[in-house]
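Here's run-v9.pdb, which has PDB, C-alpha atoms, pLDDT in the B column:
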ATOM      1  CA  MET A 766     -77.798 -28.514-178.383  1.00 42.00           C
ATOM      2  CA  ASP A 767     -74.529 -26.687-177.760  1.00 43.00           C
ATOM      3  CA  GLU A 768     -74.072 -22.910-178.027  1.00 46.00           C
ATOM      4  CA  ARG A 769     -72.686 -23.053-181.583  1.00 46.00           C
ATOM      5  CA  GLN A 770     -75.626 -25.149-182.793  1.00 46.00           C
ATOM      6  CA  GLU A 771     -78.072 -22.680-181.251  1.00 52.00           C
ATOM      7  CA  GLN A 772     -76.489 -19.999-183.426  1.00 64.00           C
ATOM      8  CA  PHE A 773     -75.943 -22.241-186.467  1.00 66.00           C
ATOM      9  CA  PRO A 774     -78.081 -25.410-186.707  1.00 69.00           C
ATOM     10  CA  TRP A 775     -75.478 -27.422-188.641  1.00 73.00           C
ATOM     11  CA  GLY A 776     -72.286 -29.270-187.856  1.00 75.00           C
ATOM     12  CA  ARG A 777     -69.911 -28.203-190.643  1.00 80.00           C
ATOM     13  CA  LEU A 778     -69.670 -25.164-192.900  1.00 85.00           C
ATOM     14  CA  TYR A 779     -67.756 -25.094-196.169  1.00 88.00           C
ATOM     15  CA  ARG A 780     -67.406 -21.956-198.272  1.00 90.00           C
ATOM     16  CA  GLY A 781     -65.740 -22.353-201.641  1.00 89.00           C
ATOM     17  CA  ASP A 782     -63.950 -19.587-203.498  1.00 90.00           C
ATOM     18  CA  LEU A 783     -66.160 -17.722-205.935  1.00 90.00           C
ATOM     19  CA  LYS A 784     -65.257 -17.280-209.562  1.00 86.00           C
ATOM     20  CA  SER A 785     -65.140 -13.735-210.881  1.00 90.00           C
ATOM     21  CA  GLY A 786     -68.645 -12.515-211.700  1.00 91.00           C
ATOM     22  CA  PHE A 787     -70.397 -14.796-209.187  1.00 93.00           C
ATOM     23  CA  ALA A 788     -71.905 -14.125-205.767  1.00 94.00           C
ATOM     24  CA  TYR A 789     -73.519 -16.213-203.069  1.00 96.00           C
ATOM     25  CA  PRO A 790     -77.202 -15.263-202.991  1.00 96.00           C
ATOM     26  CA  VAL A 791     -77.810 -15.698-199.227  1.00 97.00           C
ATOM     27  CA  ARG A 792     -75.906 -15.344-195.960  1.00 95.00           C
ATOM     28  CA  THR A 793     -75.416 -18.006-193.291  1.00 93.00           C
ATOM     29  CA  ALA A 794     -77.678 -16.035-190.911  1.00 93.00           C
ATOM     30  CA  GLU A 795     -80.543 -16.274-193.429  1.00 96.00           C
ATOM     31  CA  ILE A 796     -80.046 -20.020-193.769  1.00 94.00           C
ATOM     32  CA  ALA A 797     -79.894 -20.401-189.982  1.00 92.00           C
ATOM     33  CA  ALA A 798     -83.163 -18.456-189.614  1.00 94.00           C
ATOM     34  CA  ALA A 799     -84.948 -20.702-192.144  1.00 95.00           C
ATOM     35  CA  LEU A 800     -83.629 -23.873-190.499  1.00 92.00           C
ATOM     36  CA  ARG A 801     -84.609 -22.658-187.006  1.00 92.00           C
ATOM     37  CA  ALA A 802     -88.098 -21.660-188.186  1.00 95.00           C
ATOM     38  CA  ALA A 803     -88.600 -25.181-189.572  1.00 94.00           C
ATOM     39  CA  GLY A 804     -87.013 -26.879-186.541  1.00 92.00           C
ATOM     40  CA  ALA A 805     -84.303 -28.445-188.716  1.00 89.00           C
ATOM     41  CA  GLU A 806     -80.766 -29.372-187.673  1.00 85.00           C
ATOM     42  CA  ILE A 807     -78.413 -30.713-190.323  1.00 86.00           C
ATOM     43  CA  GLY A 808     -74.877 -31.969-190.676  1.00 84.00           C
ATOM     44  CA  SER A 809     -73.448 -29.496-193.150  1.00 86.00           C
ATOM     45  CA  ILE A 810     -73.871 -26.351-195.199  1.00 89.00           C
ATOM     46  CA  SER A 811     -71.797 -25.759-198.310  1.00 91.00           C
ATOM     47  CA  PHE A 812     -71.439 -22.640-200.399  1.00 94.00           C
ATOM     48  CA  ILE A 813     -70.104 -23.722-203.768  1.00 90.00           C
ATOM     49  CA  VAL A 814     -69.842 -22.675-207.383  1.00 83.00           C
ATOM     50  CA  ALA A 815     -70.895 -25.249-209.950  1.00 73.00           C
ATOM     51  CA  ARG A 816     -68.030 -26.160-212.205  1.00 59.00           C
ATOM     52  CA  SER A 817     -68.522 -26.741-215.899  1.00 46.00           C
ATOM     53  CA  GLU A 818     -71.549 -28.774-216.979  1.00 42.00           C
ATOM     54  CA  SER A 819     -69.344 -31.750-217.865  1.00 36.00           C
ATOM     55  CA  ARG A 820     -68.086 -32.064-214.301  1.00 37.00           C
ATOM     56  CA  LEU A 821     -71.561 -32.212-212.811  1.00 42.00           C
ATOM     57  CA  ARG A 822     -73.759 -35.274-212.986  1.00 47.00           C
ATOM     58  CA  PRO A 823     -74.919 -35.680-216.570  1.00 43.00           C
ATOM     59  CA  GLN A 824     -78.510 -35.850-215.304  1.00 52.00           C
ATOM     60  CA  ARG A 825     -78.398 -32.450-213.619  1.00 52.00           C
ATOM     61  CA  PRO A 826     -81.758 -30.667-213.885  1.00 54.00           C
ATOM     62  CA  PRO A 827     -81.976 -27.890-216.503  1.00 66.00           C
ATOM     63  CA  GLY A 828     -81.732 -24.267-215.425  1.00 82.00           C
ATOM     64  CA  LEU A 829     -79.579 -22.339-212.988  1.00 88.00           C
ATOM     65  CA  LEU A 830     -78.837 -24.548-209.993  1.00 90.00           C
ATOM     66  CA  LEU A 831     -79.677 -22.610-206.824  1.00 93.00           C
ATOM     67  CA  LEU A 832     -79.851 -25.112-203.998  1.00 93.00           C
ATOM     68  CA  PHE A 833     -79.258 -28.778-203.338  1.00 90.00           C
ATOM     69  CA  ALA A 834     -80.614 -30.472-200.198  1.00 91.00           C
ATOM     70  CA  GLU A 835     -79.929 -34.066-199.278  1.00 87.00           C
ATOM     71  CA  TRP A 836     -80.716 -36.562-196.561  1.00 83.00           C
ATOM     72  CA  HIS A 837     -78.690 -39.683-195.956  1.00 73.00           C
ATOM     73  CA  GLU A 838     -77.978 -40.930-192.465  1.00 70.00           C
ATOM     74  CA  ARG A 839     -74.813 -42.962-192.533  1.00 60.00           C
ATOM     75  CA  ARG A 840     -73.915 -44.907-189.439  1.00 54.00           C
ATOM     76  CA  ASP A 841     -70.399 -45.399-190.812  1.00 51.00           C
ATOM     77  CA  LEU A 842     -69.793 -41.609-190.902  1.00 50.00           C
ATOM     78  CA  PRO A 843     -71.047 -40.285-187.548  1.00 48.00           C
ATOM     79  CA  PHE A 844     -68.537 -37.431-187.653  1.00 45.00           C
ATOM     80  CA  GLN A 845     -70.591 -35.720-190.376  1.00 49.00           C
ATOM     81  CA  GLY A 846     -72.865 -34.360-187.684  1.00 50.00           C
ATOM     82  CA  GLY A 847     -76.229 -35.474-189.011  1.00 58.00           C
ATOM     83  CA  GLY A 848     -78.133 -36.847-191.942  1.00 72.00           C
ATOM     84  CA  GLY A 849     -78.966 -33.640-193.786  1.00 85.00           C
ATOM     85  CA  GLY A 850     -76.934 -31.364-195.941  1.00 88.00           C
ATOM     86  CA  LEU A 851     -77.587 -28.179-197.855  1.00 92.00           C
ATOM     87  CA  ALA A 852     -75.558 -26.649-200.690  1.00 93.00           C
ATOM     88  CA  VAL A 853     -76.085 -23.083-201.872  1.00 95.00           C
ATOM     89  CA  TYR A 854     -74.682 -22.368-205.312  1.00 94.00           C
ATOM     90  CA  GLY A 855     -72.997 -19.192-206.438  1.00 94.00           C
ATOM     91  CA  VAL A 856     -75.049 -17.274-209.002  1.00 92.00           C
ATOM     92  CA  PRO A 857     -74.201 -14.606-211.571  1.00 92.00           C
ATOM     93  CA  ALA A 858     -73.563 -11.424-209.578  1.00 93.00           C
ATOM     94  CA  GLY A 859     -75.989  -9.439-211.732  1.00 94.00           C
ATOM     95  CA  ARG A 860     -78.843 -11.741-210.662  1.00 94.00           C
ATOM     96  CA  ARG A 861     -77.946 -11.955-206.967  1.00 95.00           C
ATOM     97  CA  ALA A 862     -80.696  -9.620-205.664  1.00 96.00           C
ATOM     98  CA  GLU A 863     -83.439 -11.338-207.689  1.00 94.00           C
ATOM     99  CA  ILE A 864     -82.312 -14.804-206.610  1.00 95.00           C
ATOM    100  CA  HIS A 865     -81.823 -13.705-202.995  1.00 97.00           C
ATOM    101  CA  ASP A 866     -85.492 -12.691-202.820  1.00 97.00           C
ATOM    102  CA  LEU A 867     -86.608 -16.036-204.298  1.00 95.00           C
ATOM    103  CA  LEU A 868     -84.410 -18.018-201.914  1.00 96.00           C
ATOM    104  CA  VAL A 869     -85.384 -16.150-198.750  1.00 97.00           C
ATOM    105  CA  GLY A 870     -89.069 -15.916-199.635  1.00 95.00           C
ATOM    106  CA  GLN A 871     -89.719 -19.392-201.049  1.00 94.00           C
ATOM    107  CA  VAL A 872     -86.835 -21.763-201.556  1.00 95.00           C
ATOM    108  CA  LEU A 873     -85.042 -21.779-198.166  1.00 96.00           C
ATOM    109  CA  PRO A 874     -88.235 -22.195-196.101  1.00 96.00           C
ATOM    110  CA  SER A 875     -89.356 -25.055-198.358  1.00 94.00           C
ATOM    111  CA  ALA A 876     -85.965 -26.794-198.236  1.00 95.00           C
ATOM    112  CA  ALA A 877     -85.755 -26.328-194.452  1.00 94.00           C
ATOM    113  CA  ARG A 878     -89.214 -27.903-193.981  1.00 94.00           C
ATOM    114  CA  TRP A 879     -88.160 -30.800-196.241  1.00 91.00           C
ATOM    115  CA  LEU A 880     -85.041 -31.364-194.101  1.00 91.00           C
ATOM    116  CA  ALA A 881     -86.995 -31.102-190.838  1.00 91.00           C
ATOM    117  CA  ASP A 882     -89.531 -33.622-192.159  1.00 88.00           C
ATOM    118  CA  ALA A 883     -86.733 -35.958-193.258  1.00 86.00           C
ATOM    119  CA  ALA A 884     -85.460 -36.202-189.675  1.00 83.00           C
ATOM    120  CA  THR A 885     -88.861 -37.496-188.526  1.00 86.00           C
ATOM    121  CA  ARG A 886     -89.184 -40.231-191.149  1.00 82.00           C
ATOM    122  CA  GLY A 887     -88.747 -43.907-190.388  1.00 79.00           C
ATOM    123  CA  GLU A 888     -85.306 -45.458-190.061  1.00 77.00           C
ATOM    124  CA  VAL A 889     -85.386 -47.247-193.419  1.00 73.00           C
ATOM    125  CA  TRP A 890     -86.298 -44.025-195.248  1.00 72.00           C
ATOM    126  CA  ARG A 891     -83.603 -42.026-193.437  1.00 72.00           C
ATOM    127  CA  GLU A 892     -80.868 -44.496-194.296  1.00 72.00           C
ATOM    128  CA  MET A 893     -81.574 -44.205-198.028  1.00 76.00           C
ATOM    129  CA  ARG A 894     -80.214 -41.245-199.944  1.00 78.00           C
ATOM    130  CA  HIS A 895     -82.779 -38.548-200.798  1.00 84.00           C
ATOM    131  CA  GLU A 896     -82.051 -35.418-202.804  1.00 86.00           C
ATOM    132  CA  ARG A 897     -83.896 -32.216-203.615  1.00 90.00           C
ATOM    133  CA  TRP A 898     -82.546 -30.136-206.514  1.00 90.00           C
ATOM    134  CA  ILE A 899     -83.894 -26.593-206.849  1.00 91.00           C
ATOM    135  CA  THR A 900     -83.247 -24.722-210.077  1.00 90.00           C
ATOM    136  CA  LEU A 901     -84.387 -21.513-211.726  1.00 91.00           C
ATOM    137  CA  GLY A 902     -85.377 -21.770-215.369  1.00 88.00           C
ATOM    138  CA  ASP A 903     -87.437 -19.841-217.873  1.00 86.00           C
ATOM    139  CA  ALA A 904     -90.670 -21.092-216.246  1.00 87.00           C
ATOM    140  CA  GLY A 905     -89.553 -20.146-212.709  1.00 90.00           C
ATOM    141  CA  ILE A 906     -88.511 -22.308-209.746  1.00 92.00           C
ATOM    142  CA  SER A 907     -88.314 -26.054-210.337  1.00 90.00           C
ATOM    143  CA  ILE A 908     -88.029 -28.626-207.547  1.00 90.00           C
ATOM    144  CA  GLU A 909     -86.876 -32.125-208.338  1.00 89.00           C
ATOM    145  CA  ASP A 910     -86.835 -34.896-205.730  1.00 87.00           C
ATOM    146  CA  ARG A 911     -84.748 -38.014-206.221  1.00 86.00           C
ATOM    147  CA  GLU A 912     -84.841 -41.199-204.200  1.00 81.00           C
ATOM    148  CA  GLY A 913     -81.784 -43.374-203.763  1.00 71.00           C
ATOM    149  CA  GLY A 914     -79.520 -40.758-205.327  1.00 48.00           C
ATOM    150  CA  ASP A 915     -80.496 -41.454-208.927  1.00 42.00           C
ATOM    151  CA  TRP A 916     -83.086 -40.336-211.443  1.00 38.00           C
ATOM    152  CA  THR A 917     -85.163 -43.499-211.526  1.00 39.00           C
ATOM    153  CA  ASN A 918     -87.835 -42.047-209.228  1.00 40.00           C
ATOM    154  CA  ALA A 919     -87.476 -38.335-209.999  1.00 42.00           C
ATOM    155  CA  ARG A 920     -90.491 -36.082-209.396  1.00 44.00           C
ATOM    156  CA  ARG A 921     -90.900 -32.572-210.796  1.00 45.00           C
ATOM    157  CA  SER A 922     -92.928 -30.024-208.885  1.00 44.00           C
TER
END
With the file now loaded, output its structure as structure tokens.
Amino acid sequence: MDERQEQFPWGRLYRGDLKSGFAYPVRTAEIAAALRAAGAEIGSISFIVARSESRLRPQRPPGLLLLFAEWHERRDLPFQGGGGGLAVYGVPAGRRAEIHDLLVGQVLPSAARWLADAATRGEVWREMRHERWITLGDAGISIEDREGGDWTNARRS
């Protein structure tokens, strides 16, 4: 592991521009701490703001999208730096503190453990696309796992 990966356990970082009224609910240091605690190293971290509903997948889970984790080792794209990726979504600025506490206390550790576990799975599993969508709705946190990148085998937790 090189010096940069010791500080940040991911290969690439992307930070999109926030729309007015939105804020990112966690900092890179908080993500790095969760990944280190779980023993996870991933290819990329993205901070993004969801566009309009119509531009997202039509099957997007209901609620406020907080976090998206994925695993898909691709031998044809070794430059991506690893099989895992994590996207943190911008949230309404007025809800940032509430969502920050949920992410740091529950969501990031769970997602980091999921990514660490993914790296230890068998080769066939790792080469398939796996997604974990984490949303906040009226009933609280919702976790939805998808196999193969579609909804045919979705599981709600």
### Task
Can you pull out every residue within 12 Å of region 863-876 of chain A, counting all atoms listed in the file, but drop anything in the same chain fewer than 4 positions away, and send it as a ChimeraX atom specification?
/A:788-805,807,829-836,849-859,880-883,896-902,905-910
Output C-alpha atoms for every residue in that selection, as a short mmCIF file (atom, residue, chain, number, x, y, z; two decimals), keeping the file's coordinate frame.
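This is the output file again25.cif:
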data_model
loop_
_atom_site.label_atom_id
_atom_site.label_comp_id
_atom_site.auth_asym_id
_atom_site.auth_seq_id
_atom_site.Cartn_x
_atom_site.Cartn_y
_atom_site.Cartn_z
CA ALA A 788 -71.90 -14.12 -205.77
CA TYR A 789 -73.52 -16.21 -203.07
CA PRO A 790 -77.20 -15.26 -202.99
CA VAL A 791 -77.81 -15.70 -199.23
CA ARG A 792 -75.91 -15.34 -195.96
CA THR A 793 -75.42 -18.01 -193.29
CA ALA A 794 -77.68 -16.04 -190.91
CA GLU A 795 -80.54 -16.27 -193.43
CA ILE A 796 -80.05 -20.02 -193.77
CA ALA A 797 -79.89 -20.40 -189.98
CA ALA A 798 -83.16 -18.46 -189.61
CA ALA A 799 -84.95 -20.70 -192.14
CA LEU A 800 -83.63 -23.87 -190.50
CA ARG A 801 -84.61 -22.66 -187.01
CA ALA A 802 -88.10 -21.66 -188.19
CA ALA A 803 -88.60 -25.18 -189.57
CA GLY A 804 -87.01 -26.88 -186.54
CA ALA A 805 -84.30 -28.44 -188.72
CA ILE A 807 -78.41 -30.71 -190.32
CA LEU A 829 -79.58 -22.34 -212.99
CA LEU A 830 -78.84 -24.55 -209.99
CA LEU A 831 -79.68 -22.61 -206.82
CA LEU A 832 -79.85 -25.11 -204.00
CA PHE A 833 -79.26 -28.78 -203.34
CA ALA A 834 -80.61 -30.47 -200.20
CA GLU A 835 -79.93 -34.07 -199.28
CA TRP A 836 -80.72 -36.56 -196.56
CA GLY A 849 -78.97 -33.64 -193.79
CA GLY A 850 -76.93 -31.36 -195.94
CA LEU A 851 -77.59 -28.18 -197.86
CA ALA A 852 -75.56 -26.65 -200.69
CA VAL A 853 -76.08 -23.08 -201.87
CA TYR A 854 -74.68 -22.37 -205.31
CA GLY A 855 -73.00 -19.19 -206.44
CA VAL A 856 -75.05 -17.27 -209.00
CA PRO A 857 -74.20 -14.61 -211.57
CA ALA A 858 -73.56 -11.42 -209.58
CA GLY A 859 -75.99 -9.44 -211.73
CA LEU A 880 -85.04 -31.36 -194.10
CA ALA A 881 -87.00 -31.10 -190.84
CA ASP A 882 -89.53 -33.62 -192.16
CA ALA A 883 -86.73 -35.96 -193.26
CA GLU A 896 -82.05 -35.42 -202.80
CA ARG A 897 -83.90 -32.22 -203.62
CA TRP A 898 -82.55 -30.14 -206.51
CA ILE A 899 -83.89 -26.59 -206.85
CA THR A 900 -83.25 -24.72 -210.08
CA LEU A 901 -84.39 -21.51 -211.73
CA GLY A 902 -85.38 -21.77 -215.37
CA GLY A 905 -89.55 -20.15 -212.71
CA ILE A 906 -88.51 -22.31 -209.75
CA SER A 907 -88.31 -26.05 -210.34
CA ILE A 908 -88.03 -28.63 -207.55
CA GLU A 909 -86.88 -32.12 -208.34
CA ASP A 910 -86.84 -34.90 -205.73
#
Edge lengths and centre, in Å to one decimal, as JSON: that's what I need for the box along x, y and z that holds all listed atoms of region 861-872 of chain A plus 5 Å on each side.
{"center_x": -83.8, "center_y": -15.7, "center_z": -203.2, "size_x": 21.8, "size_y": 22.1, "size_z": 18.9}
### CA of Glu912 (chain A) to CA of Glu838 (chain A), straight-line distance in Å
13.6 Å
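Put simply, CA of Leu783 (chain A) is 7.5 Å away from CA of Ile813 (chain A).
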### Task
Just give me the gap between CA of Arg886 (chain A) and CA of Trp775 (chain A) in Å, one decimal is fine.
18.9 Å
#### Entry: A:Ile810, A:Arg861, A:His837, A:Ala877 ranked by distance to Gly913 (chain A), top pick (using only C-alpha atoms)
A:His837
